[in-house]
Amino acid sequence: MTKIGFVGLGIMGSPMAGHLVAAGHDVTGFDLNSAALERLEVQGGRAAESVAEAFRGAEVVITMLPNHPQVEEVVFGNSLEPGALLIDMSTIRPATSLAIAAKHPRSLDAPVSGGETGAKQASLSIMVGGDEADFADAKPILDVLGKTIVHVGPHGAGQVVKAANQLMVGGIYALVAEAIVLLEASGVDPKAGLDVLAGGLAANRILDLKRESMIAREFQPGFRIDLHHKDMGIALDAARQVDVALPVTGLIASLVAAGRAQGYGSLDHSALLKVIENFSGRAS
């Protein structure tokens, strides 16, 4: 059993903390949402009244927060126990992960992919940056939360891999959306068309998991366009830091931004279909 402080009990963090409790760990969590704290207590964890209380006595601290300002406020504004391991599982800019490592050498950046479903099913992919020894210490805990856990390099590397993940996911969503618009405008059954595509070279996880809900225009958020907009900004910023041009990423970022501007920020990122429809005057 490990004493874990968990800060950020939202859509992703709540089920993750629950899995850690179920695995036998002593989890004390904090969130600004009182309902999230109540859920943790129902799961068998303990609710803290502050970040400081969640950190107190923790051998491992996990943060799962919306963006770098929240992570910086939590990490730089509070003290960890001597020797405690910090695992930041938020998706933030690599520069913040490097700044955290400068203050807390025993830290890992460990963003995840898999969305709400992956968090609930403990099937997340976790990309980890930091020291090899710290990764080895964290691995038994991360194994409770995910199925694919890979140490991808030094501090900041996990966030770079997550940025690459998000630019690819956004691009695939946009292309699936364009395929649906083309099929429907041509009078072709989109279900039949995408079923065939899913069995060929165009196969991908988004086709597997989302084609039916996209065709049905069901956009209940598993991962909101608002958050993907933030992530595309991280990807573009990371590209600037290393002086590379990512032209397709820039286009996808513009499509995601258009989704927010058109009022779809609270919808699932598969609602890029609505953006593509609007461009063609085929709003559903």
# chains A, B, ... in the order shown; residues from 1 in each chain; ligands from 1
call {"tool": "select_by_dssp", "arguments": {"residues": "region 34-66 of chain A", "states": "strand (DSSP E)", "output": "list in words"}}
result
Arg46, Ala47, Val60, Val61, Ile62 and Thr63 of chain A
call {"tool": "residues_around", "arguments": {"residues": "region 32-35 of chain A", "least_positions_apart": "2", "cutoff": "9 Å", "atoms": "only C-alpha atoms", "output": "PyMOL selection string"}}
result
chain A and resi 8-10+30+37-40+50
call {"tool": "select_by_dssp", "arguments": {"residues": "region 117-236 of chain A", "states": "alpha helix (DSSP H)", "output": "PyMOL selection string"}}
result
chain A and resi 117-121+132-145+157-185+190-197+205-215+225-236
call {"tool": "residues_around", "arguments": {"residues": "region 268-284 of chain A", "least_positions_apart": "5", "cutoff": "7 Å", "atoms": "only C-alpha atoms", "output": "PyMOL selection string"}}
result
chain A and resi 173-174+177-178+181+214+219-225+228+256+258-259
call {"tool": "atom_distance", "arguments": {"atom1": "CA of Gly57 (chain A)", "atom2": "CA of Leu85 (chain A)"}}
result
11.7 Å
call {"tool": "closest_residue", "arguments": {"among": "A:Gly18, A:Gly29, A:Pro105, A:Pro94", "to": "Pro82 (chain A)", "atoms": "only C-alpha atoms"}}
result
A:Pro105
call {"tool": "residues_around", "arguments": {"residues": "Ile215 (chain A)", "least_positions_apart": "5", "cutoff": "10 Å", "atoms": "only C-alpha atoms", "output": "count of residues only"}}
result
10
call {"tool": "closest_residue", "arguments": {"among": "A:Pro66, A:Gly44, A:Ala235, A:Gln262", "to": "Ala23 (chain A)", "atoms": "only C-alpha atoms"}}
result
A:Gly44
call {"tool": "closest_residue", "arguments": {"among": "A:Ala185, A:Ile87, A:Ala17, A:Ala122", "to": "Phe135 (chain A)", "atoms": "only C-alpha atoms"}}
result
A:Ile87
call {"tool": "residues_around", "arguments": {"residues": "Phe55 (chain A)", "least_positions_apart": "6", "cutoff": "7 Å", "atoms": "only C-alpha atoms", "output": "ChimeraX atom specification"}}
result
/A:5,61,80
call {"tool": "closest_residue", "arguments": {"among": "A:Gln43, A:Asn204, A:Ser90, A:Ser186", "to": "Ile62 (chain A)", "atoms": "only C-alpha atoms"}}
result
A:Ser90
call {"tool": "residues_around", "arguments": {"residues": "Ile4 (chain A)", "least_positions_apart": "4", "cutoff": "8 Å", "atoms": "only C-alpha atoms", "output": "number ranges by chain"}}
result
A: 25-28, 58-62
